[in-house]
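Q: protein.txt (compact mmCIF, C-alpha atoms) pasted underneath:
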```
# COMPACT_ATOMS: atom_id res chain seq x y z
CA MET O 1 22.20 -5.23 23.82
CA PRO O 2 18.61 -4.06 23.17
CA ASP O 3 15.92 -5.09 25.60
CA ALA O 4 14.10 -8.22 24.39
CA PRO O 5 10.53 -7.56 23.21
CA TRP O 6 9.05 -10.52 25.11
CA ARG O 7 8.37 -10.20 28.79
CA PRO O 8 5.30 -11.64 30.57
CA GLY O 9 4.22 -8.18 31.68
CA ARG O 10 4.50 -6.79 28.17
CA LEU O 11 2.39 -9.58 26.71
CA ALA O 12 -0.23 -9.13 29.43
CA ALA O 13 -0.44 -5.40 28.64
CA ARG O 14 -1.02 -6.16 24.95
CA LEU O 15 -3.63 -8.91 25.43
CA PRO O 16 -6.69 -6.59 25.32
CA PHE O 17 -5.43 -5.15 22.02
CA LEU O 18 -4.63 -8.64 20.71
CA ASP O 19 -8.09 -9.94 21.62
CA ARG O 20 -9.55 -7.04 19.64
CA ARG O 21 -7.30 -7.95 16.74
CA ALA O 22 -8.57 -11.55 16.82
CA ALA O 23 -12.17 -10.30 16.72
CA LEU O 24 -11.23 -8.07 13.79
CA VAL O 25 -9.85 -11.06 11.86
CA ALA O 26 -13.14 -12.93 12.38
CA ALA O 27 -15.23 -9.91 11.36
CA THR O 28 -13.11 -9.42 8.24
CA ARG O 29 -13.56 -13.02 7.13
CA ALA O 30 -17.30 -12.76 7.72
CA PHE O 31 -17.53 -9.53 5.70
CA PHE O 32 -15.82 -10.98 2.64
CA ALA O 33 -17.53 -14.36 2.88
CA ALA O 34 -20.89 -12.58 2.82
CA ARG O 35 -19.84 -10.83 -0.40
CA GLY O 36 -18.75 -14.02 -2.15
CA TYR O 37 -14.99 -13.61 -1.84
CA ARG O 38 -12.68 -16.63 -1.74
CA GLU O 39 -9.83 -16.58 0.79
CA VAL O 40 -6.46 -17.53 -0.75
CA GLU O 41 -2.87 -18.08 0.36
CA THR O 42 0.02 -17.18 -1.94
CA PRO O 43 3.80 -17.75 -1.59
CA CYS O 44 5.95 -15.68 0.73
CA LEU O 45 9.21 -16.51 -1.12
CA VAL O 46 9.04 -15.00 -4.59
CA PRO O 47 11.33 -14.12 -7.54
CA ALA O 48 10.22 -10.46 -7.47
CA PRO O 49 8.92 -9.06 -4.17
CA GLY O 50 6.96 -6.04 -5.44
CA ALA O 51 6.83 -3.09 -7.79
CA GLU O 52 7.33 0.01 -5.64
CA VAL O 53 10.72 1.63 -6.20
CA HIS O 54 11.32 2.93 -2.68
CA ILE O 55 10.37 -0.21 -0.76
CA ARG O 56 13.36 -2.29 0.35
CA ALA O 57 13.02 -6.06 0.43
CA PHE O 58 14.70 -8.90 2.32
CA GLU O 59 16.76 -11.12 0.01
CA THR O 60 17.54 -14.80 0.52
CA ARG O 61 18.82 -17.60 -1.69
CA PHE O 62 17.56 -21.01 -2.75
CA ASP O 63 20.41 -23.56 -2.77
CA PRO O 64 19.16 -26.98 -3.87
CA HIS O 65 20.37 -30.03 -1.97
CA LEU O 66 17.28 -32.24 -2.28
CA GLY O 67 15.49 -32.85 -5.57
CA ALA O 68 15.65 -30.69 -8.67
CA GLY O 69 16.11 -26.97 -9.04
CA ALA O 70 18.74 -24.35 -9.76
CA ALA O 71 20.34 -22.03 -7.24
CA ARG O 72 18.75 -18.61 -7.47
CA PRO O 73 17.96 -15.52 -5.40
CA LEU O 74 14.52 -15.26 -3.82
CA TRP O 75 12.86 -12.51 -1.84
CA LEU O 76 10.40 -12.21 1.01
CA ARG O 77 7.40 -10.56 -0.59
CA THR O 78 6.56 -6.93 0.15
CA SER O 79 3.03 -7.56 -1.15
CA PRO O 80 1.07 -10.55 -2.49
CA GLU O 81 -0.23 -8.47 -5.39
CA LEU O 82 1.58 -10.12 -8.29
CA ALA O 83 0.77 -13.61 -7.05
CA ILE O 84 -2.91 -12.83 -6.48
CA LYS O 85 -3.22 -11.41 -9.97
CA LYS O 86 -1.93 -14.69 -11.38
CA LEU O 87 -4.89 -16.34 -9.64
CA LEU O 88 -7.26 -13.72 -11.04
CA ALA O 89 -5.97 -14.38 -14.56
CA GLY O 90 -6.78 -18.05 -13.97
CA GLY O 91 -10.37 -17.22 -13.03
CA CYS O 92 -10.23 -17.39 -9.21
CA GLY O 93 -11.57 -13.95 -8.28
CA PRO O 94 -13.00 -12.26 -6.29
CA VAL O 95 -10.39 -13.11 -3.65
CA PHE O 96 -8.82 -11.82 -0.44
CA GLU O 97 -5.73 -12.72 1.57
CA PHE O 98 -4.32 -12.06 5.02
CA ALA O 99 -0.76 -11.83 3.71
CA ARG O 100 2.34 -11.84 5.87
CA VAL O 101 4.74 -9.37 4.22
CA TRP O 102 8.20 -7.94 4.91
CA ARG O 103 9.81 -4.55 4.29
CA ASN O 104 13.43 -4.03 5.21
CA GLY O 105 14.40 -1.09 7.38
CA GLU O 106 10.91 0.10 8.36
CA VAL O 107 10.43 0.57 12.12
CA SER O 108 8.29 3.23 13.82
CA ALA O 109 5.09 3.56 15.83
CA ARG O 110 3.23 2.70 12.58
CA HIS O 111 5.81 0.50 10.80
CA ALA O 112 7.23 -2.96 11.43
CA PRO O 113 9.60 -4.97 9.21
CA GLU O 114 7.15 -7.91 9.30
CA PHE O 115 3.42 -7.22 9.23
CA THR O 116 0.06 -8.30 7.82
CA MET O 117 -1.41 -6.90 4.63
CA LEU O 118 -5.08 -7.49 3.89
CA GLU O 119 -5.51 -7.47 0.12
CA TRP O 120 -8.67 -8.01 -1.86
CA TYR O 121 -9.45 -7.88 -5.56
CA GLY O 122 -12.85 -7.68 -7.22
CA PRO O 123 -13.02 -8.44 -10.95
CA GLY O 124 -15.55 -6.08 -12.48
CA LEU O 125 -15.80 -4.02 -9.29
CA GLY O 126 -14.31 -0.83 -10.72
CA PHE O 127 -12.60 2.15 -9.12
CA GLU O 128 -15.75 3.72 -7.63
CA GLY O 129 -17.10 0.35 -6.55
CA LEU O 130 -13.90 -0.42 -4.66
CA MET O 131 -14.12 2.86 -2.77
CA GLU O 132 -17.71 2.06 -1.81
CA GLU O 133 -16.73 -1.44 -0.65
CA THR O 134 -13.71 -0.15 1.29
CA GLU O 135 -15.86 2.39 3.09
CA ALA O 136 -18.43 -0.29 3.93
CA PHE O 137 -15.73 -2.65 5.20
CA ILE O 138 -14.02 -0.15 7.50
CA ARG O 139 -17.36 0.97 8.88
CA ALA O 140 -18.46 -2.65 9.42
CA VAL O 141 -15.43 -3.81 11.43
CA CYS O 142 -14.39 -0.69 13.38
CA PRO O 143 -16.05 1.29 16.19
CA PRO O 144 -18.17 4.26 15.02
CA VAL O 145 -15.47 6.69 16.16
CA VAL O 146 -11.75 5.90 16.03
CA GLU O 147 -8.82 7.88 17.37
CA HIS O 148 -5.06 7.88 16.99
CA GLY O 149 -2.53 10.39 18.27
CA GLY O 150 -5.27 12.80 19.34
CA VAL O 151 -6.95 12.72 15.89
CA ARG O 152 -10.57 11.53 15.93
CA THR O 153 -12.51 10.30 12.89
CA ASP O 154 -16.26 9.74 12.81
CA LEU O 155 -16.75 6.74 10.52
CA ALA O 156 -20.49 7.41 10.32
CA LEU O 157 -19.72 10.42 8.13
CA PRO O 158 -19.41 9.80 4.37
CA PHE O 159 -15.76 9.40 3.40
CA GLU O 160 -14.33 12.44 1.62
CA ARG O 161 -13.23 11.86 -1.99
CA LEU O 162 -10.41 14.24 -2.84
CA THR O 163 -8.38 14.14 -6.03
CA MET O 164 -4.64 14.71 -5.80
CA GLN O 165 -5.06 17.73 -8.09
CA ASP O 166 -7.58 19.33 -5.72
CA ALA O 167 -5.57 18.33 -2.64
CA PHE O 168 -2.45 20.13 -3.89
CA ALA O 169 -4.47 23.14 -4.97
CA ARG O 170 -6.13 23.32 -1.54
CA HIS O 171 -3.14 22.63 0.69
CA CYS O 172 -0.20 23.86 -1.43
CA ASN O 173 -1.42 27.36 -2.23
CA GLY O 174 -3.04 26.57 -5.58
CA LEU O 175 -0.21 24.43 -6.98
CA ASP O 176 -1.20 22.62 -10.22
CA ILE O 177 0.44 19.23 -9.63
CA LEU O 178 -0.81 17.50 -12.79
CA GLY O 179 0.42 20.41 -14.88
CA THR O 180 3.99 19.59 -13.81
CA GLU O 181 3.78 15.80 -14.37
CA GLY O 182 7.27 14.30 -14.28
CA ASP O 183 8.96 17.66 -15.05
CA ALA O 184 11.21 18.65 -12.14
CA ALA O 185 11.94 22.15 -13.47
CA ARG O 186 8.25 22.87 -13.93
CA LEU O 187 7.39 21.62 -10.44
CA HIS O 188 10.26 23.67 -8.97
CA ALA O 189 8.85 26.79 -10.62
CA ALA O 190 5.27 26.03 -9.56
CA ALA O 191 6.31 25.34 -5.96
CA ALA O 192 8.37 28.53 -5.77
CA ALA O 193 5.45 30.53 -7.19
CA ALA O 194 3.20 29.00 -4.52
CA GLY O 195 5.59 30.08 -1.76
CA LEU O 196 6.93 26.56 -1.18
CA PRO O 197 10.64 26.83 -2.05
CA PRO O 198 12.12 23.65 -3.57
CA ARG O 199 15.51 22.28 -2.63
CA PRO O 200 18.08 22.47 -5.44
CA ASP O 201 18.75 18.72 -5.54
CA GLU O 202 15.09 17.59 -5.54
CA GLY O 203 13.80 15.68 -8.54
CA TRP O 204 10.12 15.72 -9.45
CA GLU O 205 9.31 12.69 -7.30
CA ASP O 206 11.35 13.95 -4.32
CA LEU O 207 9.56 17.30 -4.28
CA PHE O 208 6.15 15.73 -4.95
CA PHE O 209 6.48 13.42 -1.95
CA ARG O 210 7.87 16.13 0.33
CA LEU O 211 4.90 18.38 -0.39
CA LEU O 212 2.53 15.44 -0.04
CA LEU O 213 3.99 14.42 3.33
CA GLU O 214 4.45 17.93 4.72
CA ARG O 215 1.40 19.76 3.41
CA VAL O 216 -1.30 17.38 2.18
CA GLU O 217 -1.33 14.28 4.37
CA PRO O 218 -1.37 16.16 7.73
CA ALA O 219 -4.55 17.95 6.59
CA ILE O 220 -6.68 14.99 5.47
CA GLY O 221 -8.40 11.97 7.01
CA ARG O 222 -9.07 13.71 10.29
CA GLY O 223 -12.68 14.59 11.24
CA ARG O 224 -13.82 12.20 8.54
CA ALA O 225 -11.99 9.60 6.50
CA THR O 226 -10.53 10.59 3.12
CA PHE O 227 -9.94 8.83 -0.18
CA LEU O 228 -7.02 10.61 -1.88
CA THR O 229 -7.58 9.74 -5.54
CA HIS O 230 -6.25 10.18 -9.09
CA TRP O 231 -2.52 10.22 -8.46
CA PRO O 232 -0.11 11.74 -11.00
CA ALA O 233 0.73 9.18 -13.69
CA PRO O 234 4.43 8.89 -12.63
CA GLN O 235 3.01 7.32 -9.45
CA ALA O 236 0.78 4.90 -11.37
CA ALA O 237 2.70 1.78 -10.23
CA LEU O 238 0.30 -1.02 -11.26
CA ALA O 239 -2.72 1.23 -11.90
CA ARG O 240 -4.40 2.18 -15.17
CA ARG O 241 -4.24 5.76 -16.36
CA ASP O 242 -7.47 7.71 -16.12
CA PRO O 243 -9.15 7.59 -19.57
CA ALA O 244 -10.63 11.05 -18.89
CA ASP O 245 -7.23 12.58 -18.03
CA PRO O 246 -4.15 10.44 -18.83
CA ARG O 247 -2.01 12.70 -16.64
CA ALA O 248 -3.58 10.89 -13.67
CA ALA O 249 -3.62 7.25 -12.57
CA LEU O 250 -6.65 5.46 -11.15
CA ARG O 251 -5.06 5.04 -7.74
CA PHE O 252 -6.34 5.99 -4.31
CA GLU O 253 -5.10 5.89 -0.73
CA VAL O 254 -7.30 5.86 2.38
CA PHE O 255 -6.62 8.06 5.42
CA VAL O 256 -8.37 7.52 8.76
CA ALA O 257 -7.54 9.35 12.02
CA GLY O 258 -4.46 10.77 10.34
CA ILE O 259 -3.16 7.28 9.37
CA GLU O 260 -2.50 6.16 5.81
CA LEU O 261 -4.42 2.89 5.90
CA ALA O 262 -4.61 1.50 2.36
CA ASN O 263 -3.45 1.84 -1.24
CA ALA O 264 -5.62 0.80 -4.19
CA PHE O 265 -5.53 0.56 -7.98
CA ASP O 266 -7.87 0.11 -10.87
CA GLU O 267 -5.50 -2.55 -12.11
CA LEU O 268 -3.36 -2.25 -15.22
CA THR O 269 -4.07 -5.17 -17.59
CA ASP O 270 -1.82 -4.26 -20.56
CA PRO O 271 1.26 -6.56 -20.45
CA ALA O 272 3.40 -4.36 -22.73
CA GLU O 273 2.82 -1.24 -20.64
CA GLN O 274 3.36 -3.25 -17.45
CA ARG O 275 6.70 -4.58 -18.72
CA ALA O 276 7.82 -1.07 -19.57
CA ARG O 277 6.87 0.15 -16.10
CA PHE O 278 8.69 -2.74 -14.42
CA GLU O 279 11.86 -2.06 -16.40
CA GLU O 280 11.68 1.66 -15.65
CA ALA O 281 11.16 0.93 -11.93
CA ASN O 282 14.06 -1.53 -11.87
CA ALA O 283 16.36 1.01 -13.50
CA GLU O 284 15.32 3.66 -10.98
CA ARG O 285 15.82 1.21 -8.09
CA ARG O 286 19.35 0.47 -9.32
CA ARG O 287 20.05 4.19 -9.60
CA ILE O 288 18.85 4.89 -6.06
CA THR O 289 20.39 1.91 -4.26
CA GLY O 290 23.35 1.03 -6.46
CA ALA O 291 22.24 -2.59 -6.20
CA ARG O 292 21.02 -4.88 -8.96
CA GLY O 293 17.75 -5.69 -7.21
CA TRP O 294 15.43 -8.22 -8.84
CA GLU O 295 14.42 -9.12 -12.35
CA VAL O 296 11.01 -8.67 -13.97
CA ASP O 297 8.54 -11.39 -12.94
CA GLU O 298 8.05 -13.08 -16.30
CA ASP O 299 5.45 -15.47 -14.89
CA PHE O 300 3.31 -12.48 -13.89
CA LEU O 301 3.63 -10.94 -17.35
CA ALA O 302 2.63 -14.30 -18.85
CA ALA O 303 -0.52 -14.15 -16.71
CA LEU O 304 -1.27 -10.68 -18.08
CA GLU O 305 -0.74 -12.01 -21.61
CA HIS O 306 -3.27 -14.75 -20.85
CA GLY O 307 -5.69 -12.06 -19.74
CA LEU O 308 -6.40 -10.29 -16.46
CA PRO O 309 -10.08 -9.33 -16.20
CA PRO O 310 -10.87 -5.68 -15.44
CA THR O 311 -10.20 -5.57 -11.72
CA ALA O 312 -9.88 -3.14 -8.83
CA GLY O 313 -7.69 -4.17 -5.90
CA ILE O 314 -6.54 -2.79 -2.57
CA ALA O 315 -3.76 -3.39 -0.03
CA LEU O 316 -4.76 -2.43 3.52
CA GLY O 317 -2.37 -2.42 6.46
CA PHE O 318 -4.22 -4.80 8.74
CA ASP O 319 -2.09 -4.02 11.80
CA ARG O 320 -2.89 -0.32 11.40
CA LEU O 321 -6.57 -1.17 11.13
CA ALA O 322 -6.21 -3.20 14.33
CA MET O 323 -4.57 -0.19 16.00
CA LEU O 324 -7.62 1.93 15.14
CA ALA O 325 -10.14 -0.75 16.11
CA ALA O 326 -8.42 -1.40 19.45
CA GLY O 327 -7.30 2.14 20.27
CA ALA O 328 -3.66 1.02 20.37
CA PRO O 329 -1.01 3.77 20.17
CA ARG O 330 1.76 1.66 18.57
CA ILE O 331 1.84 -1.08 15.98
CA GLU O 332 3.76 -3.38 18.34
CA ASP O 333 0.72 -3.30 20.65
CA VAL O 334 -1.28 -5.34 18.11
CA LEU O 335 1.52 -7.80 17.19
CA TRP O 336 1.64 -11.07 19.13
CA LEU O 337 5.44 -11.06 19.18
CA PRO O 338 6.99 -7.88 17.79
CA VAL O 339 10.30 -8.17 15.96
CA SER O 340 13.15 -7.10 18.25
```
Show me this structure written as structure tokens.

A:
Amino acid sequence: MPDAPWRPGRLAARLPFLDRRAALVAATRAFFAARGYREVETPCLVPAPGAEVHIRAFETRFDPHLGAGAARPLWLRTSPELAIKKLLAGGCGPVFEFARVWRNGEVSARHAPEFTMLEWYGPGLGFEGLMEETEAFIRAVCPPVVEHGGVRTDLALPFERLTMQDAFARHCNGLDILGTEGDAARLHAAAAAAGLPPRPDEGWEDLFFRLLLERVEPAIGRGRATFLTHWPAPQAALARRDPADPRAALRFEVFVAGIELANAFDELTDPAEQRARFEEANAERRRITGARGWEVDEDFLAALEHGLPPTAGIALGFDRLAMLAAGAPRIEDVLWLPVS
């Protein structure tokens, strides 16, 4: 039987980190209040938990025994994104949420199956504006220098802005990632030519992520923070394509002290394209897992039909931010009661 996570001594050891987390919550609320954001709360039980293909969700079931309603599957959300966008379509933005979220099977020094996502969305903010606001936020609530796993980042330095195309060229021996978009054979050939032999069974996405994780991510967000921007369109998720180069999506991730901290989109507002992406993602999820998964969130698509204003939004792992702010080595150090 595994050792229980709660012991008085363990809680006492975490209290300095947890006090820093509490101060971080207060500073975050103050930052967004000063910028005119409204704090919201959206449902944790949802008909569709998220859009990312490789994220596994916790499933439950609603069985009515009091009042009206039909039996149906529900899920613990992996992100509040779809729900928040329904509010934006109704005119509520700009908004932010401290969202409790769940991801099945994720446990490590930086992962927990239940954690807090800080998400905020600024109608009219734009892709560049969101990067500027994210940089200002992190600098406002964290110490001037943060460190994790021996990697130090000086937050006083301007954050690096690095496109995925330039990142692969720099760290994968000149590989032209956008020139291979979605074509496994072409990426295999390009990787081999760059001296990075592919594995025979790797699809485009498999090889893309292996190179990203093995070659690119370990080299960025170290001495200074990095925005990794303009992802290949197959990784667009809920982001718009770049009008200047449709091979890329207006998506960025933030890396600080070697930690992937946040994921952001210039949000897709076209309901037809969004439906097509959902259906493609669902088919891929079924192929990978062999399970049916969840249906398209029709209520969300109805909100897009009503009209989502041009919006940029970001999901930031608040527990990871707390780790950096507090100097905590493990995510469980900044959780009041870690999941056993």

Q: Rank nothing, just name the residue among O:Pro246, O:Leu337, O:Leu45, O:Pro143 nearest to Pro8 in chain O, using only C-alpha atoms.

A: O:Leu337

Q: From the list O:Gly258, O:Trp120, O:Glu52, O:Leu211, which residue is nearest Lys85 in chain O when using all atoms listed in the file?

A: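 Of all the options, O:Trp120 lies closest to Lys85 in chain O.
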
Q: Counting all atoms listed in the file, what are the residues of range 42-107 of chain O within 9 Å of range 22-36 of chain O, and for each of them which pair of atoms is the nearest and at what distance in Å, to one decimal? Sort the table by chain and rising number, as a Markdown table.

A:
```
| residue | atom | partner | partner_atom | distance |
| --- | --- | --- | --- | --- |
| O:Pro94 | CA | O:Gly36 | CA | 7.3 |
| O:Val95 | CA | O:Gly36 | CA | 8.5 |
| O:Phe96 | CA | O:Phe32 | CA | 7.7 |
| O:Phe98 | CA | O:Val25 | CA | 8.9 |
```

Q: Would you compute the distance between CA of Leu324 in chain O and CA of Cys142 in chain O? Give it in Å to one decimal.

A: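 Computing it gives 7.5 Å between the two atoms.
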
Q: Out of O:Val107, O:Asp319, O:His230, O:Ala248, which residue has the shortest atom-to-atom distance to Asp333 in chain O when counting all atoms listed in the file?

A: O:Asp319

Q: Which residue out of O:Phe137, O:Ala194, O:Ala185, O:Ala249 has the minimum interatomic distance to Thr163 in chain O when all atoms listed in the file are used?

A: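 Counting all atoms listed in the file, the residue closest to Thr163 in chain O is O:Ala249.
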
Q: Name the residues in contact with range 293-307 of chain O at a cut-off of 10 Å, using only C-alpha atoms, excluding same-chain residues fewer than 4 positions from it; report them as an MDAnalysis selection string.

A: chainID O and resid 46:51 56:57 59 73:75 82:91 268:272 274:279 281:283 285:286 289

Q: Find the residues around Glu147 in chain O up to 10 Å (only C-alpha atoms counted), leave out those fewer than 2 positions away in its own chain, and share them as number ranges by chain.

A: O: 143, 145, 149-154, 222-223, 256-259, 323-329

Q: As JSON, numbers by chain, please: the residues near Asp242 in chain O (cut-off 10 Å, all atoms listed in the file, same-chain neighbours under 6 positions excluded).

A: {"O": [230, 231, 232, 233, 236, 248, 249, 250, 251, 266]}
